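Notes to accompany the following structure.
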Amino acid sequence: MSIRAKMKAAVLYGREDVRIEQVEVPRLEPGDVLLRTRVALTCGTDAKVFRRGYHAKMIVPPAVFGHEVAGVVEEVGAGGEAPALGTPVVAANSAPCGECYYCRHDTPSLCDDLLFWNGAYAEFARIPARVVRKNLLALPDGLAFRDAAMVEPLACVVRGVEESWIGRGQSVAVIGTGPIGLMFVALARMRGAHVVASGRRRERLEKALEMGAEQVVSAGHPHPLVEALRDRSPDRRGFDVVIEAVGLPETCEAAIQSVRKGGVVQLFGGCPADTRIGIDSQRLHYQELTIKSTFHHTPESVRKAFRLIADGHLDPHAFITAEAPLEDLPGVLRAMAKGGPGLKTAILPWGRSPGAVL
């Protein structure tokens with residue numbers, strides 16, 4: 001299909017430096033797909049990358065930016081097996097190799113050659129052939145692009161919930177009420193757990209209650225966070241599972257101190273490089289704590305997240321609180337980096353067409 005040579009895209013140049021520019025439309029290698037981006041979602045990882053100016057695994061500036069996306073197949077590279085032109089699809093932002101030690105031992109998120117791509121904040125995005133083969137999914141009739149675009153972050157949370165062994169009747173504390181923390185609240189409740197959520201913003205604590213949290217704790221509570229959480233745990237003994245979804249050493253330590261004997265701590269929020277956290281080794285040993293951390297998603301969790309959304313078990317509208325044209329992205333990211341209101345913003349590179357289902 002013949003398309004123009006230039007496109008509008010967001011390019012990350014460094015710390016808090018994202019510019020909307022005209023760049024070359026990506027050239028396709030065999031098996032690649034060129035996606036006409038309909039919706040790209042903002043996320044906490046993008047805000048971190050914006051603040052820091054890079055991501056060690058995902059992006060090295062200058063580079064086109066963004067990774068949560070849904071759109072339409074515009075072109076297919078030679079020899080590729082992909083959905084037909086014009087098919088609505090969602091793409092995850094990576095794919096494992098399937099051949100290394102970790103892939104062969106059923107841990108593809110630790111793949112030695114985990115292939116990432118970026119470029120969702122653009123009119124067109126190149127989806128590499130490996131991602132096309134492993135993590136490009138056609139949308140069923142009626143599934144909106146903005147809903148489908150939330151598959152990638154939800155897939156990460158699906159793994160986090162499964163790896164934390166959350167089950168019916170358990171007590172679960174979620175520290176952090178950003179989009180990821182709220183997804184943990186929703187999925188833990190879906191599994192029948194009793195959830196307490198902790199965060200700083202009143203509107204997000206109210207959202208956590210809407211998602212099914214039975215109690216909430218303000219991080220500005222008069223008592224220290226650990227004490228406030230333990231007060232709300234069964235018999236004040238601590239929680240069966242504590243999820244840390246902030247990515248700060250102090251909240252990681254609070255999570256470890258808030259779990260019961262024999263409990264599970266999920267350190268899901270990625271801390272800055274070279275971060276160190278304190279762990280009481282006596283308590284770790286004699287109280288038989290399990291401290292875990294899950295990174296990223298897998299092709300299996302991508303499909304589970306896709307079905308949760310496509311089958312209506314989880315409503316992305318609860319997490320997507322605004323939309324904006326591509327030109328507004330730098331301002332949206334600045335507001336996110338400063339902890340502004342709202343959750344996820346749907347970025348529309350082509351704008352909103354009359355009658356379009358986004």
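Chain labels A, B, ... are given in the sequence in which chains occur in the structure tokens; within each chain residues are numbered consecutively from 1, and ligands are likewise numbered from 1 in the order shown.
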For Pro272 in chain A: contacts at 9 Å, only C-alpha atoms, fewer than 2 positions along chain excluded, given as a list in words: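 Here the answer would be Gly247, Leu248, Gly270, Asp274 and Thr275 of chain A.
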Selection: 9 Å around range 148-157 of chain A, only C-alpha atoms, excl. self and same-chain fewer than 4 positions, as JSON, numbers by chain: {"A": [39, 40, 41, 43, 67, 68, 69, 70, 71, 89, 90, 91, 92, 93, 139, 143, 144, 161, 162, 179, 180, 181, 183, 184, 187, 268, 294, 295, 296, 297, 298, 299, 300, 301, 302, 303, 304, 305, 306, 308, 309, 310, 316, 319, 320, 346]}
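Closest approach to Cys271 in chain A among A:Glu288, A:Asp311, A:Glu244, A:Glu24: A:Glu244, based on only C-alpha atoms.
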Proximity to Ile175 in chain A - best of A:Glu250, A:Asp328, A:Glu74, A:Glu21, only C-alpha atoms: A:Glu250
DSSP-assigned alpha helix (DSSP H) among range 118-347 of chain A, expressed as number ranges by chain: A: 129-135, 145-148, 151-163, 179-190, 202-211, 225-231, 249-257, 281-286, 299-310, 329-337
Two-atom distance - CA of Ala193 in chain A, CA of Arg168 in chain A (Å): 5.0 Å
Residues of range 20-257 of chain A in strand (DSSP E), written as number ranges by chain: A: 20-24, 33-41, 63-64, 68-76, 88-91, 94-95, 115-116, 124-127, 136-138, 171-175, 194-199, 215-218, 239-244
Selected residue of minimal separation from Val131 in chain A among A:Pro249, A:Gly178, A:Gly31, A:Pro341, counting only C-alpha atoms: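 Going through A:Pro249, A:Gly178, A:Gly31, A:Pro341 one by one, the smallest distance to Val131 in chain A is for A:Gly31.
With only C-alpha atoms as the atoms that count, the residue of A:Cys103, A:Ala122, A:Met190, A:Ile277 with the shortest distance to Pro349 in chain A is A:Ala122.
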Neighbour list for Leu225 in chain A as a PyMOL selection string, cut-off 10 Å, only C-alpha atoms, skip fewer than 2 positions in-chain: chain A and resi 175+198-199+217-223+227-231+250-251+254-255+257-258
